[in-house]
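Colleague: Following this line is input34.cif, made up of mmCIF, C-alpha atoms and all ligand atoms:
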data_data
#
loop_
_atom_site.label_atom_id
_atom_site.label_comp_id
_atom_site.auth_asym_id
_atom_site.auth_seq_id
_atom_site.Cartn_x
_atom_site.Cartn_y
_atom_site.Cartn_z
CA MET A 18 39.24 3.53 6.43
CA LYS A 19 40.64 4.28 9.90
CA ALA A 20 41.33 1.73 12.63
CA ASN A 21 38.36 0.88 14.75
CA VAL A 22 37.89 3.40 17.53
CA PHE A 23 34.17 2.89 17.40
CA GLN A 24 32.53 0.69 19.97
CA GLU A 25 31.70 -2.62 18.34
CA SER A 26 28.06 -3.51 18.41
CA SER A 27 27.51 -7.21 18.12
CA GLY A 28 24.83 -8.17 15.65
CA LYS A 29 21.61 -9.99 16.38
CA PRO A 30 20.18 -12.84 14.31
CA ILE A 31 16.92 -12.38 12.39
CA THR A 32 14.46 -15.14 11.53
CA LEU A 33 11.56 -14.95 9.10
CA ASP A 34 9.12 -17.76 9.66
CA ALA A 35 6.69 -18.26 6.74
CA VAL A 36 6.24 -14.52 6.33
CA SER A 37 3.72 -13.31 3.74
CA ARG A 38 2.45 -9.92 2.60
CA VAL A 39 -0.68 -9.73 0.50
CA TRP A 40 -2.35 -6.68 -1.06
CA GLY A 41 -5.69 -7.63 -2.60
CA GLU A 42 -4.77 -10.03 -5.41
CA THR A 43 -1.03 -9.32 -5.15
CA VAL A 44 1.02 -11.76 -3.11
CA ALA A 45 4.10 -9.56 -2.72
CA VAL A 46 5.86 -11.98 -0.35
CA ASP A 47 4.78 -15.61 -0.23
CA ALA A 48 5.52 -17.64 2.91
CA VAL A 49 9.20 -16.77 2.99
CA SER A 50 11.37 -18.37 5.69
CA ILE A 51 14.95 -17.16 6.13
CA ASP A 52 17.60 -17.41 8.84
CA ILE A 53 19.91 -14.43 8.96
CA PRO A 54 22.88 -15.19 11.24
CA ALA A 55 24.09 -12.61 13.77
CA GLY A 56 26.81 -10.39 12.30
CA SER A 57 26.30 -11.65 8.75
CA PHE A 58 25.88 -9.63 5.59
CA THR A 59 22.75 -10.93 3.87
CA ALA A 60 21.65 -9.62 0.47
CA LEU A 61 18.02 -9.78 -0.65
CA LEU A 62 18.37 -10.15 -4.43
CA GLY A 63 15.91 -10.50 -7.29
CA PRO A 64 14.29 -8.70 -10.22
CA SER A 65 12.17 -5.59 -9.74
CA GLY A 66 8.86 -6.38 -8.06
CA CYS A 67 9.98 -9.71 -6.55
CA GLY A 68 9.27 -8.56 -2.97
CA LYS A 69 12.71 -7.45 -1.72
CA SER A 70 11.68 -4.04 -0.35
CA THR A 71 8.49 -5.41 1.15
CA THR A 72 10.51 -8.10 2.96
CA LEU A 73 12.96 -5.49 4.26
CA ARG A 74 10.16 -3.16 5.34
CA MET A 75 8.50 -6.00 7.26
CA ILE A 76 11.78 -6.69 9.08
CA ALA A 77 12.01 -2.95 9.80
CA GLY A 78 8.46 -2.86 11.15
CA LEU A 79 7.41 -0.31 8.51
CA GLU A 80 5.01 -2.79 6.91
CA ASN A 81 2.69 -5.26 8.63
CA VAL A 82 2.96 -8.95 7.84
CA SER A 83 -0.20 -10.65 6.53
CA SER A 84 0.89 -13.93 8.14
CA GLY A 85 3.98 -15.49 9.65
CA LYS A 86 6.42 -14.38 12.32
CA ILE A 87 9.56 -12.25 12.55
CA LEU A 88 12.12 -12.89 15.28
CA ILE A 89 15.03 -10.64 16.20
CA GLY A 90 17.59 -11.99 18.65
CA GLY A 91 15.20 -14.88 19.28
CA GLU A 92 12.33 -12.60 20.34
CA ASP A 93 9.08 -12.42 18.43
CA VAL A 94 8.90 -8.80 17.22
CA THR A 95 6.06 -9.29 14.71
CA ALA A 96 3.73 -6.95 16.60
CA ARG A 97 6.40 -4.44 17.68
CA PRO A 98 6.58 -0.99 16.10
CA SER A 99 9.73 -0.08 14.20
CA SER A 100 11.05 2.12 17.02
CA LYS A 101 11.12 -0.90 19.36
CA ARG A 102 13.10 -3.19 17.05
CA ASP A 103 16.51 -1.67 17.75
CA LEU A 104 17.65 -1.26 14.15
CA SER A 105 18.81 1.41 11.71
CA MET A 106 17.93 1.92 8.05
CA VAL A 107 19.52 3.51 4.99
CA PHE A 108 17.25 4.24 2.04
CA GLN A 109 17.91 4.77 -1.66
CA SER A 110 17.08 8.46 -1.36
CA TYR A 111 19.43 9.39 1.44
CA ALA A 112 16.62 11.40 3.07
CA LEU A 113 19.06 13.94 4.54
CA PHE A 114 17.61 17.14 5.98
CA PRO A 115 18.71 19.86 3.53
CA HIS A 116 18.63 22.70 6.08
CA LEU A 117 20.75 20.85 8.67
CA SER A 118 24.54 20.57 8.59
CA VAL A 119 26.31 17.24 8.10
CA ALA A 120 26.98 17.06 11.86
CA GLU A 121 23.35 17.80 12.72
CA ASN A 122 22.13 15.25 10.21
CA ILE A 123 24.35 12.54 11.68
CA ILE A 124 23.40 13.14 15.32
CA PHE A 125 19.72 13.80 14.62
CA GLY A 126 18.59 10.40 15.91
CA LEU A 127 20.71 10.69 19.06
CA LYS A 128 19.09 14.07 19.82
CA VAL A 129 15.63 12.60 19.38
CA ARG A 130 16.62 9.88 21.82
CA ARG A 131 17.99 12.53 24.20
CA VAL A 132 21.52 11.18 24.28
CA GLY A 133 23.66 13.68 26.28
CA SER A 134 25.70 16.21 24.32
CA ALA A 135 29.11 14.99 25.54
CA ASP A 136 28.31 11.44 24.43
CA ARG A 137 26.89 12.77 21.15
CA ASP A 138 30.02 14.77 20.35
CA GLU A 139 32.29 11.85 21.09
CA ARG A 140 30.32 9.49 18.88
CA LEU A 141 30.08 12.07 16.10
CA LYS A 142 33.84 12.45 16.09
CA LYS A 143 34.36 8.69 15.83
CA VAL A 144 31.82 8.25 13.04
CA ALA A 145 33.16 11.24 11.09
CA ASP A 146 36.69 9.83 11.41
CA LEU A 147 35.60 6.39 10.31
CA LEU A 148 33.80 7.71 7.23
CA GLY A 149 36.23 10.48 6.29
CA LEU A 150 33.69 13.23 6.96
CA SER A 151 35.64 15.21 9.59
CA GLN A 152 36.36 18.14 7.26
CA LEU A 153 32.77 18.38 6.05
CA LEU A 154 30.78 18.53 9.29
CA ASP A 155 29.67 22.16 8.87
CA ARG A 156 28.50 21.81 5.27
CA LYS A 157 24.89 21.40 4.19
CA PRO A 158 23.95 18.28 2.15
CA GLY A 159 23.56 20.46 -0.98
CA GLN A 160 27.29 21.26 -0.78
CA LEU A 161 28.32 17.58 -0.92
CA SER A 162 28.93 15.14 -3.77
CA GLY A 163 26.68 12.10 -4.15
CA GLY A 164 29.25 9.84 -2.52
CA GLN A 165 29.68 12.20 0.42
CA GLN A 166 25.91 12.40 0.92
CA GLN A 167 25.84 8.62 0.90
CA ARG A 168 28.48 8.59 3.65
CA VAL A 169 26.42 10.99 5.76
CA ALA A 170 23.44 8.65 5.45
CA LEU A 171 25.70 5.76 6.51
CA GLY A 172 27.03 7.80 9.43
CA ARG A 173 23.53 8.55 10.61
CA ALA A 174 22.74 4.83 10.51
CA ILE A 175 25.83 3.58 12.35
CA ILE A 176 26.05 6.29 15.04
CA GLY A 177 23.16 4.66 16.89
CA GLU A 178 25.30 1.51 17.36
CA LYS A 179 22.32 -0.71 16.59
CA PRO A 180 22.81 -4.47 16.27
CA ILE A 181 21.02 -4.48 12.88
CA CYS A 182 21.30 -2.25 9.83
CA LEU A 183 18.86 -2.48 6.92
CA MET A 184 19.72 -0.95 3.53
CA ASP A 185 17.44 -0.60 0.52
CA GLU A 186 19.38 -0.10 -2.75
CA PRO A 187 21.63 2.48 -1.08
CA LEU A 188 23.97 2.88 -4.07
CA SER A 189 21.52 3.25 -6.96
CA ASN A 190 22.08 7.00 -7.28
CA LEU A 191 25.86 6.73 -7.67
CA ASP A 192 27.94 6.30 -10.82
CA ALA A 193 29.67 2.98 -11.53
CA LYS A 194 33.09 3.87 -10.11
CA LEU A 195 31.67 5.31 -6.89
CA ARG A 196 29.35 2.34 -6.51
CA HIS A 197 32.36 0.07 -6.56
CA GLU A 198 34.18 2.16 -3.94
CA MET A 199 31.14 2.34 -1.68
CA ARG A 200 30.53 -1.42 -2.00
CA VAL A 201 33.98 -2.03 -0.60
CA GLU A 202 33.53 0.59 2.11
CA ILE A 203 30.14 -0.61 3.30
CA ARG A 204 31.37 -4.19 3.45
CA ALA A 205 34.47 -3.17 5.42
CA LEU A 206 32.40 -1.05 7.79
CA GLN A 207 30.00 -3.90 8.45
CA GLN A 208 32.83 -6.35 9.14
CA GLN A 209 34.58 -3.88 11.38
CA LEU A 210 31.53 -3.00 13.47
CA GLY A 211 30.02 -6.47 13.46
CA PHE A 212 26.34 -5.59 13.10
CA THR A 213 23.92 -7.74 11.13
CA MET A 214 23.32 -6.31 7.66
CA VAL A 215 20.31 -6.93 5.45
CA TYR A 216 20.90 -5.31 2.07
CA VAL A 217 18.39 -5.05 -0.77
CA THR A 218 19.68 -4.97 -4.34
CA HIS A 219 18.56 -6.02 -7.82
CA ASP A 220 22.22 -6.07 -8.92
CA GLN A 221 23.67 -9.58 -8.79
CA VAL A 222 27.24 -8.27 -8.88
CA GLU A 223 26.58 -6.13 -5.82
CA ALA A 224 25.01 -9.09 -4.00
CA ILE A 225 27.73 -11.62 -4.73
CA THR A 226 30.63 -9.26 -4.08
CA MET A 227 29.32 -8.00 -0.73
CA ALA A 228 27.27 -10.69 0.95
CA ASP A 229 28.02 -13.74 3.08
CA GLN A 230 24.59 -15.05 2.22
CA VAL A 231 22.37 -14.25 -0.76
CA VAL A 232 18.59 -14.65 -0.57
CA LEU A 233 17.31 -14.92 -4.14
CA LEU A 234 13.64 -14.00 -4.55
CA ASN A 235 11.36 -14.30 -7.58
CA LYS A 236 7.67 -13.31 -7.64
CA GLY A 237 7.51 -13.21 -3.86
CA ARG A 238 9.00 -16.68 -3.45
CA LEU A 239 12.38 -17.92 -2.29
CA GLU A 240 14.37 -19.42 -5.15
CA GLN A 241 17.58 -20.10 -3.23
CA VAL A 242 19.48 -19.07 -0.10
CA ALA A 243 23.21 -19.68 -0.47
CA SER A 244 26.71 -18.24 -0.28
CA PRO A 245 27.74 -16.30 -3.41
CA ARG A 246 30.06 -19.15 -4.45
CA ASP A 247 27.37 -21.81 -4.09
CA LEU A 248 24.89 -19.66 -5.95
CA TYR A 249 27.28 -19.41 -8.91
CA GLU A 250 28.61 -22.97 -8.79
CA LYS A 251 25.46 -24.82 -7.71
CA PRO A 252 22.37 -22.84 -8.68
CA ALA A 253 19.32 -24.69 -7.34
CA ASN A 254 17.18 -24.16 -10.44
CA PRO A 255 17.19 -22.54 -13.91
CA PHE A 256 16.06 -19.17 -12.50
CA ALA A 257 19.04 -18.97 -10.13
CA ALA A 258 21.32 -20.28 -12.90
CA ARG A 259 20.31 -17.43 -15.21
CA PHE A 260 20.08 -14.66 -12.61
CA ILE A 261 23.68 -15.04 -11.42
CA GLY A 262 26.53 -14.51 -13.89
CA THR A 263 26.94 -12.24 -16.92
CA PRO A 264 26.07 -13.30 -19.52
CA PRO A 265 23.70 -15.80 -17.89
CA MET A 266 24.17 -19.56 -17.93
CA ASN A 267 23.20 -21.25 -21.22
CA LEU A 268 20.36 -23.73 -20.90
CA PHE A 269 19.81 -26.45 -23.49
CA PRO A 270 17.26 -29.18 -23.99
CA ALA A 271 19.28 -32.37 -23.65
CA ASN A 272 18.72 -33.26 -27.31
CA ALA A 273 20.73 -30.20 -28.40
CA PHE A 274 23.80 -32.35 -27.84
CA LYS A 275 24.96 -34.79 -30.50
CA LYS A 276 25.16 -37.76 -28.15
CA LEU A 277 21.97 -37.12 -26.18
CA SER A 278 19.20 -37.39 -28.73
CA THR A 279 16.75 -38.81 -26.21
CA ALA A 280 16.64 -37.21 -22.78
CA PRO A 281 13.72 -34.79 -23.00
CA ASP A 282 13.19 -34.78 -19.24
CA PHE A 283 16.25 -32.68 -18.54
CA GLN A 284 17.64 -29.24 -19.16
CA LEU A 285 21.41 -28.94 -19.31
CA GLY A 286 23.31 -25.82 -18.33
CA VAL A 287 26.81 -24.64 -19.20
CA ARG A 288 28.15 -21.15 -18.49
CA PRO A 289 29.47 -19.15 -21.50
CA GLU A 290 32.87 -18.82 -19.80
CA ALA A 291 33.08 -22.59 -19.26
CA MET A 292 32.94 -23.44 -22.98
CA HIS A 293 35.78 -23.63 -25.46
CA ALA A 294 36.27 -24.50 -29.09
CA GLN A 295 37.01 -28.23 -29.34
CA GLU A 296 37.12 -30.29 -32.48
CA GLY A 297 34.76 -33.25 -32.10
CA GLY A 298 33.25 -31.61 -28.97
CA PRO A 299 29.73 -32.53 -27.85
CA LEU A 300 28.04 -29.36 -29.14
CA ARG A 301 28.01 -28.44 -32.84
CA ALA A 302 26.67 -24.94 -33.37
CA GLU A 303 26.45 -22.09 -35.83
CA ILE A 304 27.86 -18.69 -35.00
CA ARG A 305 25.29 -15.91 -35.45
CA THR A 306 26.98 -12.74 -34.22
CA VAL A 307 30.32 -11.88 -32.70
CA GLU A 308 31.02 -9.16 -30.14
CA TYR A 309 34.61 -8.08 -29.49
CA LEU A 310 35.01 -7.28 -25.76
CA GLY A 311 38.75 -6.58 -25.55
CA ALA A 312 39.73 -9.32 -23.12
CA ASP A 313 37.74 -11.90 -25.04
CA ILE A 314 35.06 -12.44 -27.68
CA LEU A 315 31.43 -13.12 -26.95
CA ALA A 316 29.87 -15.22 -29.70
CA ASP A 317 26.11 -15.68 -30.05
CA CYS A 318 25.55 -19.19 -31.33
CA ALA A 319 22.64 -21.44 -32.19
CA VAL A 320 22.11 -25.17 -32.04
CA ALA A 321 18.76 -26.23 -33.57
CA GLU A 322 16.21 -23.88 -31.96
CA THR A 323 18.36 -22.95 -28.98
CA SER A 324 20.51 -19.84 -28.94
CA PHE A 325 23.34 -19.49 -26.48
CA GLN A 326 26.55 -17.57 -25.85
CA VAL A 327 30.17 -18.56 -25.54
CA ARG A 328 33.26 -16.62 -24.48
CA LEU A 329 36.24 -17.28 -26.70
CA PRO A 330 39.81 -16.00 -26.64
CA THR A 331 40.45 -13.01 -28.93
CA GLY A 332 43.05 -15.05 -30.84
CA LYS A 333 40.30 -17.30 -32.21
CA SER A 334 39.10 -16.07 -35.57
CA VAL A 335 35.33 -16.47 -35.76
CA THR A 336 32.87 -15.08 -38.27
CA PRO A 337 29.08 -15.13 -38.35
CA GLY A 338 27.92 -18.15 -40.33
CA ASP A 339 30.87 -20.33 -39.22
CA ARG A 340 30.16 -23.74 -37.78
CA ILE A 341 31.98 -24.47 -34.55
CA GLU A 342 32.38 -27.50 -32.30
CA LEU A 343 32.43 -26.76 -28.58
CA GLY A 344 33.38 -28.61 -25.44
CA PHE A 345 33.57 -28.02 -21.69
CA ALA A 346 34.98 -29.72 -18.61
CA PRO A 347 32.73 -32.52 -17.29
CA ASP A 348 32.18 -30.69 -13.99
CA ALA A 349 31.06 -27.52 -15.80
CA LEU A 350 27.77 -29.24 -16.59
CA HIS A 351 24.57 -28.45 -14.65
CA VAL A 352 21.57 -30.77 -14.91
CA PHE A 353 18.02 -29.60 -14.11
CA ASP A 354 14.80 -31.59 -14.10
CA ALA A 355 12.72 -30.25 -17.00
CA ASP A 356 9.44 -30.50 -15.04
CA THR A 357 10.31 -29.37 -11.52
CA GLY A 358 13.39 -27.30 -12.41
CA GLY A 359 15.24 -28.95 -9.52
CA ARG A 360 18.99 -29.39 -9.70
CA ARG A 361 20.12 -33.01 -10.31
CA ASP A 362 23.71 -33.28 -9.15
CA ASP A 363 23.25 -37.06 -9.05
CA LEU A 364 23.08 -37.12 -12.87
CA VAL A 365 25.98 -34.82 -13.73
CA SER A 366 28.62 -37.53 -13.97
CA GLU A 367 26.33 -39.81 -15.99
CA PHE A 368 25.53 -37.07 -18.53
CA GLY A 369 29.14 -35.92 -18.48
CA ALA A 370 30.36 -39.42 -19.34
CA LEU A 371 27.83 -39.76 -22.17
CA LEU A 372 28.80 -36.40 -23.65
CA HIS A 373 32.50 -37.00 -23.44
CA SER A 374 32.49 -40.65 -24.51
P1 LIG A 401 11.00 -5.11 -5.11
O1 LIG A 401 11.54 -4.38 -3.93
O2 LIG A 401 11.59 -6.48 -5.24
O3 LIG A 401 11.12 -4.34 -6.39
P2 LIG A 401 8.46 -4.73 -3.80
O4 LIG A 401 8.64 -5.41 -2.50
O5 LIG A 401 8.57 -3.25 -3.83
O6 LIG A 401 9.44 -5.38 -4.88
O7 LIG A 401 7.03 -5.10 -4.41
C1 LIG A 401 6.58 -6.45 -4.50
C2 LIG A 401 5.17 -6.45 -5.12
O8 LIG A 401 4.25 -5.86 -4.22
C3 LIG A 401 5.06 -5.68 -6.41
O9 LIG A 401 4.19 -6.39 -7.25
C4 LIG A 401 4.47 -4.38 -5.98
O10 LIG A 401 3.74 -3.80 -7.02
C5 LIG A 401 3.58 -4.79 -4.83
N1 LIG A 401 3.42 -3.72 -3.81
C6 LIG A 401 4.41 -3.13 -3.12
N2 LIG A 401 3.91 -2.21 -2.27
C7 LIG A 401 2.56 -2.20 -2.45
C8 LIG A 401 1.47 -1.46 -1.88
N3 LIG A 401 1.67 -0.54 -0.93
N4 LIG A 401 0.22 -1.74 -2.33
C9 LIG A 401 0.01 -2.68 -3.28
N5 LIG A 401 0.99 -3.42 -3.84
C10 LIG A 401 2.25 -3.18 -3.46
#
Show how you would write the structure in this file as structure tokens.

Modeller:
Amino acid sequence: MKANVFQESSGKPITLDAVSRVWGETVAVDAVSIDIPAGSFTALLGPSGCGKSTTLRMIAGLENVSSGKILIGGEDVTARPSSKRDLSMVFQSYALFPHLSVAENIIFGLKVRRVGSADRDERLKKVADLLGLSQLLDRKPGQLSGGQQQRVALGRAIIGEKPICLMDEPLSNLDAKLRHEMRVEIRALQQQLGFTMVYVTHDQVEAITMADQVVLLNKGRLEQVASPRDLYEKPANPFAARFIGTPPMNLFPANAFKKLSTAPDFQLGVRPEAMHAQEGGPLRAEIRTVEYLGADILADCAVAETSFQVRLPTGKSVTPGDRIELGFAPDALHVFDADTGGRRDDLVSEFGALLHS
């Protein structure tokens, strides 16, 4: 990406204050409150149907809220139409006009807003430079690759120099390699231009690699708002623990461990990559199946009724039916209240000491 010749637009903060959206019996978004700092990259993450798009569309002003307030730059915009919210959007379907050239697609919004042609041309040149589209300005969208079309959609969004950009699964139509490239590009572009980004994705890798802040939603409710690192290292509840990380965190009833026969009120979590074979270790399990992954081995194991996974080095010879003893570092343990699901950091060292005694 080229050096920044584009005028930096400083981002505006966004606040959702107990925002809900209800359709008949469906509570798509349930009293969600989020602070999105100015100039941050915030990902709205969660499984299909959890309310991500609805939340984004309410911020955009494309969907009414049923209750609650939305503030942009400290101003209540809840009743404002989309055109008065000073933001741009990029959708999953790039929604390019097929009969217009790349250049015409990019400047379309400026024309609608009657920006003068000299100003338009100058901004077009900068955006095309920034996105590597300079050689393609006369082509029609049908003559572009998927990645190039995606760049045109990005160009159209950033040429308006809006303080906020909203994106809804913008990379879903691209193949894996291109997705990775575009992730890096979009993140760099956002940091360079400084606008506030709200980015919808169901892909946890996309969210944790791109965002400053991840908003994890489930069934219309907030599960956790945290930095990617905190989400991985300190998931607030079992849902967050299993949504982030591949394969997901293992969760055990406390009595799955040899030394914890009586602690039914807690669920204990250990990530597959945090476990290792250890003679006399606190977990004695049976290996069910073994998957060779090249860099390591993923073994499906079972202890009593609970199945779980562990990553082992390829040098370790393991066969289905083997019994194996496993251990982990004391700080790799996560403790959750079995009733409320709440994280109990206060108990980690106590459980850790018991397990490793
Ligand atoms: P996500 O983007 O996380 O996949 P959505 O925000 O699209 O989820 O949808 C959240 C819930 O709201 C879903 O149960 C969906 O079926 C419902 N929903 C979305 N739009 C409408 C609508 N226009 N009318 C009725 N229900 C809707």

Colleague: Kindly provide, as a count of residues only, all nucleotide and amino acid residues lying within 6 Å of ligand LIG 401 (chain A), counting all atoms listed in the file.

Modeller: 9

Colleague: Taking only C-alpha atoms into account, which of A:Gly56, A:Gly297, A:Pro270, A:Gly41 comes nearest A:Gln208?

Modeller: A:Gly56

Colleague: Rounded to one decimal, what separation in Å do you get between atom CA of A:Asn81 and atom CA of A:Leu239?

Modeller: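 Calculated distance between atom CA of A:Asn81 and atom CA of A:Leu239 is 19.3 Å.
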
Colleague: Within 12 Å of A:Arg74, counting only C-alpha atoms, which residues show up once you throw out same-chain ones fewer than 3 positions away? Write them as number ranges by chain, please.

Modeller: A: 38, 45-46, 61, 68-71, 77-82, 87, 95, 98-99, 104-108, 183-185, 215-217

Colleague: Which residue is closest to A:Gly344? Choose from A:His219, A:His293, A:Arg301, A:Arg130 and count all atoms listed in the file.

Modeller: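 Once distances to A:Gly344 are computed over all atoms listed in the file, the minimum belongs to A:His293.
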
Colleague: Just want the 8 Å neighbourhood of A:Ala257, counted on only C-alpha atoms, with same-chain residues fewer than 4 positions away dropped. Output as a PyMOL selection string.

Modeller: chain A and resi 233+240-241+248+252-253+261

Colleague: Could N, CA and C atoms be built for stretch 37-61 of chain A and written out as an mmCIF file, in the frame of the given file?

Modeller:
data_model
loop_
_atom_site.group_PDB
_atom_site.id
_atom_site.type_symbol
_atom_site.label_atom_id
_atom_site.label_comp_id
_atom_site.auth_asym_id
_atom_site.auth_seq_id
_atom_site.Cartn_x
_atom_site.Cartn_y
_atom_site.Cartn_z
ATOM 1 N N SER A 37 4.392 -13.703 4.981
ATOM 2 C CA SER A 37 3.720 -13.310 3.740
ATOM 3 C C SER A 37 3.221 -11.875 3.836
ATOM 4 N N ARG A 38 3.107 -11.222 2.668
ATOM 5 C CA ARG A 38 2.450 -9.920 2.600
ATOM 6 C C ARG A 38 1.569 -9.905 1.376
ATOM 7 N N VAL A 39 0.300 -9.680 1.584
ATOM 8 C CA VAL A 39 -0.680 -9.730 0.500
ATOM 9 C C VAL A 39 -1.389 -8.389 0.411
ATOM 10 N N TRP A 40 -1.512 -7.850 -0.816
ATOM 11 C CA TRP A 40 -2.350 -6.680 -1.060
ATOM 12 C C TRP A 40 -3.414 -7.092 -2.068
ATOM 13 N N GLY A 41 -4.634 -7.214 -1.669
ATOM 14 C CA GLY A 41 -5.690 -7.630 -2.600
ATOM 15 C C GLY A 41 -5.285 -8.914 -3.308
ATOM 16 N N GLU A 42 -5.140 -8.847 -4.638
ATOM 17 C CA GLU A 42 -4.770 -10.030 -5.410
ATOM 18 C C GLU A 42 -3.255 -10.263 -5.421
ATOM 19 N N THR A 43 -2.489 -9.231 -5.047
ATOM 20 C CA THR A 43 -1.030 -9.320 -5.150
ATOM 21 C C THR A 43 -0.423 -10.000 -3.937
ATOM 22 N N VAL A 44 0.252 -11.134 -4.184
ATOM 23 C CA VAL A 44 1.020 -11.760 -3.110
ATOM 24 C C VAL A 44 2.448 -11.256 -3.257
ATOM 25 N N ALA A 45 2.781 -10.189 -2.551
ATOM 26 C CA ALA A 45 4.100 -9.560 -2.720
ATOM 27 C C ALA A 45 5.192 -10.444 -2.131
ATOM 28 N N VAL A 46 4.904 -11.070 -0.999
ATOM 29 C CA VAL A 46 5.860 -11.980 -0.350
ATOM 30 C C VAL A 46 5.068 -13.209 0.069
ATOM 31 N N ASP A 47 5.567 -14.391 -0.338
ATOM 32 C CA ASP A 47 4.780 -15.610 -0.230
ATOM 33 C C ASP A 47 5.439 -16.639 0.686
ATOM 34 N N ALA A 48 5.056 -16.639 1.945
ATOM 35 C CA ALA A 48 5.520 -17.640 2.910
ATOM 36 C C ALA A 48 7.035 -17.822 2.883
ATOM 37 N N VAL A 49 7.746 -16.729 3.050
ATOM 38 C CA VAL A 49 9.200 -16.770 2.990
ATOM 39 C C VAL A 49 9.793 -17.053 4.376
ATOM 40 N N SER A 50 10.655 -18.061 4.455
ATOM 41 C CA SER A 50 11.370 -18.370 5.690
ATOM 42 C C SER A 50 12.871 -18.208 5.453
ATOM 43 N N ILE A 51 13.509 -17.384 6.279
ATOM 44 C CA ILE A 51 14.950 -17.160 6.130
ATOM 45 C C ILE A 51 15.581 -17.063 7.510
ATOM 46 N N ASP A 52 16.786 -17.623 7.648
ATOM 47 C CA ASP A 52 17.600 -17.410 8.840
ATOM 48 C C ASP A 52 18.739 -16.487 8.494
ATOM 49 N N ILE A 53 18.837 -15.382 9.194
ATOM 50 C CA ILE A 53 19.910 -14.430 8.960
ATOM 51 C C ILE A 53 20.815 -14.447 10.193
ATOM 52 N N PRO A 54 22.018 -15.033 10.072
ATOM 53 C CA PRO A 54 22.880 -15.190 11.240
ATOM 54 C C PRO A 54 23.347 -13.841 11.802
ATOM 55 N N ALA A 55 23.586 -13.815 13.105
ATOM 56 C CA ALA A 55 24.090 -12.610 13.770
ATOM 57 C C ALA A 55 25.408 -12.201 13.136
ATOM 58 N N GLY A 56 25.551 -10.904 12.832
ATOM 59 C CA GLY A 56 26.810 -10.390 12.300
ATOM 60 C C GLY A 56 27.060 -10.716 10.850
ATOM 61 N N SER A 57 26.085 -11.317 10.167
ATOM 62 C CA SER A 57 26.300 -11.650 8.750
ATOM 63 C C SER A 57 25.880 -10.497 7.872
ATOM 64 N N PHE A 58 26.321 -10.558 6.625
ATOM 65 C CA PHE A 58 25.880 -9.630 5.590
ATOM 66 C C PHE A 58 24.988 -10.449 4.662
ATOM 67 N N THR A 59 23.696 -10.184 4.695
ATOM 68 C CA THR A 59 22.750 -10.930 3.870
ATOM 69 C C THR A 59 22.156 -10.001 2.823
ATOM 70 N N ALA A 60 22.234 -10.412 1.556
ATOM 71 C CA ALA A 60 21.650 -9.620 0.470
ATOM 72 C C ALA A 60 20.321 -10.216 0.066
ATOM 73 N N LEU A 61 19.294 -9.360 -0.059
ATOM 74 C CA LEU A 61 18.020 -9.780 -0.650
ATOM 75 C C LEU A 61 18.088 -9.379 -2.114
#
